[in-house]
Each structure stands twice: as structure tokens, then as C-alpha cells.
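Shown next: entry19.json, containing JSON, C-alpha atoms.
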[["chain", "number", "residue", "atom", "x", "y", "z"],
["A", 7, "MET", "CA", -44.84, 22.56, -36.02],
["A", 8, "ALA", "CA", -46.69, 24.80, -33.55],
["A", 9, "ARG", "CA", -48.18, 21.69, -31.91],
["A", 10, "LEU", "CA", -44.71, 20.20, -31.53],
["A", 11, "VAL", "CA", -43.41, 23.36, -29.85],
["A", 12, "VAL", "CA", -46.42, 23.44, -27.48],
["A", 13, "ALA", "CA", -45.96, 19.75, -26.67],
["A", 14, "CYS", "CA", -42.25, 20.22, -25.92],
["A", 15, "VAL", "CA", -42.86, 23.28, -23.74],
["A", 16, "SER", "CA", -45.65, 21.47, -21.88],
["A", 17, "TRP", "CA", -43.36, 18.50, -21.28],
["A", 18, "LEU", "CA", -40.62, 20.77, -19.89],
["A", 19, "VAL", "CA", -43.10, 22.40, -17.52],
["A", 20, "LEU", "CA", -44.58, 19.10, -16.29],
["A", 21, "VAL", "CA", -41.34, 17.19, -15.70],
["A", 22, "PRO", "CA", -40.22, 19.29, -12.69],
["A", 23, "VAL", "CA", -43.74, 19.05, -11.20],
["A", 24, "ALA", "CA", -43.71, 15.26, -11.55],
["A", 25, "ALA", "CA", -40.23, 15.03, -10.03],
["A", 26, "ARG", "CA", -41.33, 17.10, -7.03],
["A", 27, "GLY", "CA", -44.22, 14.70, -6.52],
["A", 28, "GLN", "CA", -41.77, 11.83, -5.86],
["A", 29, "ALA", "CA", -41.11, 12.77, -2.25],
["A", 30, "CYS", "CA", -39.01, 10.65, 0.05],
["A", 31, "ALA", "CA", -41.09, 7.98, 1.77],
["A", 32, "GLU", "CA", -38.69, 7.22, 4.65],
["A", 33, "PRO", "CA", -40.53, 7.01, 8.02],
["A", 34, "HIS", "CA", -37.47, 8.49, 9.79],
["A", 35, "TYR", "CA", -34.26, 10.23, 8.71],
["A", 36, "ARG", "CA", -32.28, 7.91, 6.35],
["A", 37, "TRP", "CA", -34.22, 4.96, 7.74],
["A", 38, "SER", "CA", -33.36, 2.48, 4.97],
["A", 39, "GLU", "CA", -29.67, 3.02, 5.76],
["A", 40, "LYS", "CA", -30.21, 2.70, 9.52],
["A", 41, "VAL", "CA", -31.83, -0.74, 9.30],
["A", 42, "ASP", "CA", -29.85, -2.15, 6.35],
["A", 43, "THR", "CA", -28.46, -5.64, 6.95],
["A", 44, "THR", "CA", -26.49, -5.96, 3.69],
["A", 45, "LEU", "CA", -23.20, -4.72, 5.16],
["A", 46, "GLN", "CA", -23.08, -7.25, 8.02],
["A", 47, "ALA", "CA", -20.90, -9.71, 6.06],
["A", 48, "ARG", "CA", -18.16, -7.15, 5.41],
["A", 49, "PRO", "CA", -15.01, -7.55, 7.49],
["A", 50, "PRO", "CA", -14.86, -4.97, 10.28],
["A", 51, "THR", "CA", -12.04, -2.51, 10.77],
["A", 52, "PRO", "CA", -11.06, -1.70, 14.37],
["A", 53, "ALA", "CA", -11.63, 1.94, 15.35],
["A", 54, "ASP", "CA", -11.37, 3.70, 18.65],
["A", 55, "ILE", "CA", -13.72, 6.34, 19.95],
["A", 56, "ALA", "CA", -10.98, 8.95, 20.47],
["A", 57, "ALA", "CA", -9.93, 8.63, 16.81],
["A", 58, "ILE", "CA", -13.53, 8.94, 15.61],
["A", 59, "LEU", "CA", -13.96, 12.14, 17.64],
["A", 60, "THR", "CA", -10.71, 13.68, 16.38],
["A", 61, "ASP", "CA", -10.00, 12.24, 12.93],
["A", 62, "TRP", "CA", -13.25, 11.38, 11.15],
["A", 63, "ALA", "CA", -14.31, 14.40, 9.11],
["A", 64, "PRO", "CA", -18.02, 15.23, 9.24],
["A", 65, "LEU", "CA", -20.07, 14.71, 6.10],
["A", 66, "SER", "CA", -22.11, 17.52, 4.57],
["A", 67, "LEU", "CA", -25.39, 15.66, 5.20],
["A", 68, "THR", "CA", -28.10, 17.61, 7.03],
["A", 69, "SER", "CA", -31.71, 17.08, 8.08],
["A", 70, "LYS", "CA", -32.68, 17.91, 4.47],
["A", 71, "ASP", "CA", -30.99, 14.70, 3.26],
["A", 72, "ARG", "CA", -33.75, 12.42, 4.55],
["A", 73, "CYS", "CA", -33.23, 9.77, 1.85],
["A", 74, "ALA", "CA", -29.49, 10.07, 1.22],
["A", 75, "PRO", "CA", -27.74, 6.76, 0.52],
["A", 76, "ARG", "CA", -24.60, 5.70, 2.35],
["A", 77, "VAL", "CA", -21.42, 7.41, 1.14],
["A", 78, "GLY", "CA", -17.70, 7.08, 1.79],
["A", 79, "ARG", "CA", -16.89, 5.68, 5.23],
["A", 80, "GLU", "CA", -20.56, 4.77, 5.71],
["A", 81, "ASP", "CA", -20.04, 1.81, 3.36],
["A", 82, "SER", "CA", -17.66, 0.24, 5.88],
["A", 83, "VAL", "CA", -18.10, -1.81, 9.04],
["A", 84, "PHE", "CA", -16.16, -1.00, 12.20],
["A", 85, "THR", "CA", -15.57, -2.52, 15.60],
["A", 86, "VAL", "CA", -15.31, -0.21, 18.61],
["A", 87, "VAL", "CA", -14.77, -0.99, 22.26],
["A", 88, "GLY", "CA", -16.17, 1.48, 24.72],
["A", 89, "TRP", "CA", -17.78, 2.01, 28.08],
["A", 90, "VAL", "CA", -21.57, 1.97, 27.98],
["A", 91, "ARG", "CA", -22.58, 5.08, 29.92],
["A", 92, "ARG", "CA", -26.23, 5.48, 28.90],
["A", 93, "LEU", "CA", -28.72, 3.12, 27.31],
["A", 94, "LYS", "CA", -32.13, 4.23, 26.06],
["A", 95, "LEU", "CA", -34.39, 1.31, 25.25],
["A", 96, "HIS", "CA", -37.52, 3.22, 24.23],
["A", 97, "GLU", "CA", -36.60, 5.64, 21.44],
["A", 98, "ALA", "CA", -39.42, 6.87, 19.19],
["A", 99, "ASP", "CA", -38.02, 4.95, 16.21],
["A", 100, "GLY", "CA", -37.63, 1.71, 18.20],
["A", 101, "ASP", "CA", -33.81, 1.73, 18.24],
["A", 102, "TRP", "CA", -31.74, 1.00, 21.30],
["A", 103, "HIS", "CA", -29.62, 4.15, 21.72],
["A", 104, "ILE", "CA", -26.28, 3.54, 23.46],
["A", 105, "GLU", "CA", -23.76, 6.21, 24.47],
["A", 106, "LEU", "CA", -20.12, 5.04, 24.65],
["A", 107, "THR", "CA", -16.95, 6.68, 25.90],
["A", 108, "GLU", "CA", -13.35, 5.66, 25.28],
["A", 109, "ALA", "CA", -12.52, 5.19, 28.97],
["A", 110, "ARG", "CA", -14.57, 4.72, 32.11],
["A", 111, "ASP", "CA", -13.65, 8.21, 33.33],
["A", 112, "THR", "CA", -13.93, 10.04, 29.98],
["A", 113, "PRO", "CA", -16.34, 12.98, 30.29],
["A", 114, "VAL", "CA", -19.77, 11.84, 29.10],
["A", 115, "ARG", "CA", -19.94, 14.59, 26.45],
["A", 116, "SER", "CA", -16.99, 12.94, 24.66],
["A", 117, "CYS", "CA", -19.03, 9.99, 23.54],
["A", 118, "ILE", "CA", -20.30, 8.40, 20.37],
["A", 119, "ILE", "CA", -23.65, 6.74, 19.82],
["A", 120, "VAL", "CA", -24.27, 3.22, 18.59],
["A", 121, "GLU", "CA", -27.78, 2.04, 17.80],
["A", 122, "ILE", "CA", -29.43, -1.35, 17.47],
["A", 123, "PRO", "CA", -32.66, -1.43, 15.45],
["A", 124, "ALA", "CA", -35.66, -3.55, 16.44],
["A", 125, "GLU", "CA", -35.59, -7.26, 15.59],
["A", 126, "ARG", "CA", -38.43, -6.82, 13.07],
["A", 127, "TYR", "CA", -35.80, -5.31, 10.74],
["A", 128, "GLY", "CA", -33.53, -8.36, 10.96],
["A", 129, "VAL", "CA", -32.82, -11.32, 13.21],
["A", 130, "VAL", "CA", -29.27, -10.00, 13.58],
["A", 131, "TYR", "CA", -30.64, -7.09, 15.62],
["A", 132, "GLY", "CA", -32.50, -9.38, 18.01],
["A", 133, "ARG", "CA", -29.27, -11.29, 18.60],
["A", 134, "ALA", "CA", -27.32, -8.05, 19.16],
["A", 135, "ARG", "CA", -29.90, -6.81, 21.68],
["A", 136, "ALA", "CA", -29.88, -10.12, 23.53],
["A", 137, "ALA", "CA", -26.07, -10.07, 23.66],
["A", 138, "LEU", "CA", -26.07, -6.53, 25.07],
["A", 139, "ALA", "CA", -28.73, -7.42, 27.65],
["A", 140, "ALA", "CA", -26.51, -10.35, 28.75],
["A", 141, "LEU", "CA", -23.63, -7.92, 29.39],
["A", 142, "VAL", "CA", -25.54, -4.95, 30.79],
["A", 143, "ASP", "CA", -28.31, -5.21, 33.36],
["A", 144, "THR", "CA", -31.00, -3.28, 31.48],
["A", 145, "THR", "CA", -33.35, -3.52, 34.48],
["A", 146, "GLN", "CA", -31.07, -1.37, 36.64],
["A", 147, "LEU", "CA", -30.80, 1.78, 34.49],
["A", 148, "GLY", "CA", -31.19, 5.24, 36.00],
["A", 149, "PRO", "CA", -34.20, 7.41, 35.06],
["A", 150, "ALA", "CA", -32.37, 8.84, 32.01],
["A", 151, "GLY", "CA", -30.91, 5.45, 31.09],
["A", 152, "ASP", "CA", -27.61, 6.03, 32.89],
["A", 153, "LEU", "CA", -25.65, 2.93, 33.74],
["A", 154, "GLN", "CA", -23.86, 2.70, 37.10],
["A", 155, "PRO", "CA", -21.33, 1.27, 37.00],
["A", 156, "SER", "CA", -20.52, 1.57, 33.32],
["A", 157, "VAL", "CA", -19.67, -1.62, 31.41],
["A", 158, "ARG", "CA", -17.00, -2.15, 28.74],
["A", 159, "VAL", "CA", -18.47, -3.67, 25.56],
["A", 160, "GLN", "CA", -17.44, -4.28, 21.93],
["A", 161, "PHE", "CA", -19.83, -3.26, 19.14],
["A", 162, "THR", "CA", -19.56, -4.05, 15.43],
["A", 163, "GLY", "CA", -21.67, -2.19, 12.90],
["A", 164, "ALA", "CA", -21.80, 0.13, 9.93],
["A", 165, "ALA", "CA", -20.54, 3.69, 10.21],
["A", 166, "PHE", "CA", -23.32, 6.25, 9.90],
["A", 167, "PHE", "CA", -23.17, 10.04, 9.94],
["A", 168, "ASP", "CA", -26.31, 11.36, 11.62],
["A", 169, "GLY", "CA", -26.51, 14.62, 9.70],
["A", 170, "PHE", "CA", -30.03, 15.18, 11.01],
["A", 171, "HIS", "CA", -28.34, 16.82, 14.02],
["A", 172, "GLN", "CA", -25.84, 18.83, 11.93],
["A", 173, "GLN", "CA", -27.40, 22.16, 12.98],
["A", 174, "GLN", "CA", -28.77, 20.91, 16.30],
["A", 175, "ALA", "CA", -26.01, 18.78, 17.79],
["A", 176, "SER", "CA", -27.46, 19.44, 21.24],
["A", 177, "GLN", "CA", -30.27, 17.04, 20.38],
["A", 178, "HIS", "CA", -27.82, 14.18, 19.82],
["A", 179, "GLY", "CA", -27.92, 12.86, 23.36],
["A", 180, "ARG", "CA", -24.95, 13.97, 25.42],
["A", 181, "CYS", "CA", -22.51, 13.27, 22.57],
["A", 182, "ASN", "CA", -21.96, 16.87, 21.56],
["A", 183, "SER", "CA", -18.21, 17.35, 21.80],
["A", 184, "SER", "CA", -18.02, 18.25, 18.07],
["A", 185, "LEU", "CA", -19.66, 17.55, 14.73],
["A", 186, "ARG", "CA", -17.47, 14.44, 14.57],
["A", 187, "ALA", "CA", -19.59, 13.09, 17.43],
["A", 188, "LEU", "CA", -22.39, 12.75, 14.87],
["A", 189, "TRP", "CA", -20.56, 9.65, 13.61],
["A", 190, "GLU", "CA", -22.29, 6.52, 14.90],
["A", 191, "LEU", "CA", -22.32, 2.80, 14.40],
["A", 192, "HIS", "CA", -25.82, 2.38, 13.05],
["A", 193, "PRO", "CA", -26.89, -0.32, 12.69],
["A", 194, "VAL", "CA", -24.98, -2.48, 15.14],
["A", 195, "TYR", "CA", -24.72, -6.10, 13.96],
["A", 196, "THR", "CA", -22.90, -7.76, 16.85],
["A", 197, "VAL", "CA", -22.27, -7.11, 20.52],
["A", 198, "THR", "CA", -19.57, -9.03, 22.39],
["A", 199, "PRO", "CA", -17.43, -8.76, 25.48],
["A", 200, "PRO", "CA", -14.21, -6.88, 24.65],
["A", 201, "GLY", "CA", -11.64, -9.31, 23.35]]
Have the structure of the file written as C-alpha cells, please.
Amino acid sequence: MARLVVACVSWLVLVPVAARGQACAEPHYRWSEKVDTTLQARPPTPADIAAILTDWAPLSLTSKDRCAPRVGREDSVFTVVGWVRRLKLHEADGDWHIELTEARDTPVRSCIIVEIPAERYGVVYGRARAALAALVDTTQLGPAGDLQPSVRVQFTGAAFFDGFHQQQASQHGRCNSSLRALWELHPVYTVTPPG
């Protein structure tokens, strides 16, 4: 009986240690979600940037949720039309980082971000990048990636709340108008002229 008690107590002590040893192996924040191609076949719902910035409630995800799966609205695909104001082609994680505003003259801080992963994560991303490069002259970007003049483009992709910037929204490009600006389309599956 004493051996059974010792064995049970030992098991209870070791289980939490073993669970702690199973750390998240994502190379970047929520990376599996950011490069997932499984949602691309879902029908998109139209959304506009102004509504995202005023109506979409932030999620409680933070930088501590490195491996969190998609939840709620993140399981849906949306189409947005916006003015490309900045395009960064050389992000550390390989994504193309695009800042969009609702109108050509909307202040740049009232933007959302859409991101296109590298083609190595799916052929769909290579096609999306090629389509964007056909609409936007990526060789004529300003030093910070600013686009002059801005170009109106339609993006379709999965909603993603970038909770990594929840406490440090200032690091989320210029899109810092509110926590709602942490909503992105990430990944983007298609890029087309506005229709």
C-alpha cells in the first residue's frame, strides 16, 4: 500500500514537469495559423476597413499565446478593398506586410495590415504576391516602403488577431488607431483589382 501511495504521489509530481517540457515550437508568434492554407476554400465575406476598426472587438490573445489556435472570427475569410499605403517586402518572418486605409486620404494611422506569407508555405501565396506586384510597382517604394501614389486593391484572406502587439500596439506598423487595428487578414489568399 505504501508503494502505491509513493507511486501515485510521484506521478502527480512528474506530470506537471512533463507538461512544462512540451513547449511551443512555433518559429514566430502563432506561425501555424499565419501560414495555414486550409481556409482558402471558404467563401469570403465582404468587410470594410472602417467597420473592422470600429466594430470588431479585440480578442484577449497576447504575446504569451504563441501557439493559440484560431478562434471565433479568425475561422472566417474576408474580402477587403483598401488603398495600399505602405508595403514592406523584407520582414524578418518573410511575410509581405501591407498597410491599407479605407480611403486614399484616410490618415495613415487608421489602417489595417494584411500579410502574404512566402511561397514556400503554399503556391497560393506566390500567386497572391505576383498579383500584388502586377498592381503595385514594388520597385518604386519609398525608403520605409511608402507607396506614392497609393493604389486601390482587393485582398481576400483569413481574419487574424495579432495579439502579440496587444501591449505594444506601437510596434504594429503605423496601424495603431486602437486595439481593433490589431485585426489583420493573415494569410492573404488572393489579390485582385477592386471589382
**Study point:** Residue among A:Thr51, A:Thr144, A:Thr43, A:Gln160 lying closest to Thr107 (chain A), counting all atoms listed in the file
**Key:** A:Gln160
Practice item. Figure out the distance between CA of Val87 (chain A) and CA of Pro200 (chain A), please, to one decimal in Å. Key: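 Here the two named atoms are 6.4 Å from each other.
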**Study point:** Test item: residues at most 12 Å from Asp168 (chain A), only C-alpha atoms, excluding those fewer than 6 positions along its chain, as a PyMOL selection string
**Key:** chain A and resi 34-37+39-40+64-72+74+76+80+118-121+174-175+177-179+181+185-193
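In this structure, CA of His103 (chain A) sits 12.5 Å away from CA of Phe161 (chain A).
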Exercise for review: Give me, please, the distance in Å between CA of Ala56 (chain A) and CA of Ser116 (chain A), quoted to one decimal.
Suggested key: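 A separation of 8.3 Å between them.
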Point to revise | Shell of 9 Å around Ala150 (chain A), all atoms listed in the file, local chain residues under 6 positions omitted, as a PyMOL selection string | key: chain A and resi 92-94
Check your understanding: For Gly151 (chain A), which residue among A:His171, A:Arg91, A:Arg115, A:Arg79 is the nearest when counting all atoms listed in the file?
Key -> A:Arg91
Practice item. Mind checking which residues fall within 10 Å of Pro49 (chain A), counting all atoms listed in the file, ignoring those fewer than 4 positions away in the same chain, and posting them as a PyMOL selection string? Key: chain A and resi 45+82-85+162
Prev. selection, C-alpha atoms, output as an mmCIF file, in the coordinates of the input:
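Heads up, here's the output in part-v1.cif:
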data_model
loop_
_atom_site.group_PDB
_atom_site.id
_atom_site.type_symbol
_atom_site.label_atom_id
_atom_site.label_comp_id
_atom_site.auth_asym_id
_atom_site.auth_seq_id
_atom_site.Cartn_x
_atom_site.Cartn_y
_atom_site.Cartn_z
ATOM 1 C CA LEU A 45 -23.200 -4.720 5.160
ATOM 2 C CA SER A 82 -17.660 0.240 5.880
ATOM 3 C CA VAL A 83 -18.100 -1.810 9.040
ATOM 4 C CA PHE A 84 -16.160 -1.000 12.200
ATOM 5 C CA THR A 85 -15.570 -2.520 15.600
ATOM 6 C CA THR A 162 -19.560 -4.050 15.430
#
Any idea what's packed within 9 Å of Ser38 (chain A), counting only C-alpha atoms, ignoring anything in its chain fewer than 6 positions away? Could you give it as a PDB file with C-alpha atoms, in the frame of the given file?
ATOM      1  CA  GLU A  32     -38.690   7.220   4.650  1.00  0.00           C
ATOM      2  CA  CYS A  73     -33.230   9.770   1.850  1.00  0.00           C
ATOM      3  CA  PRO A  75     -27.740   6.760   0.520  1.00  0.00           C
TER       4      PRO A  75
END
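Among the candidates A:Asn182, A:Thr198, A:Gln154, A:Gln146, the residue lying nearest to Val90 (chain A) is A:Gln154 (atoms considered: all atoms listed in the file).
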Review point. From the set A:Pro52, A:Pro155, A:Gly88, A:Gly163, which residue has the shortest atom-to-atom contact distance to Val194 (chain A), counting all atoms listed in the file?
Key: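 Counting all atoms listed in the file, the residue closest to Val194 (chain A) is A:Gly163.
Taking all atoms listed in the file into account, Ala139 (chain A) lies nearest to A:Val197 out of the set A:Ala109, A:Ala57, A:Val86, A:Val197.
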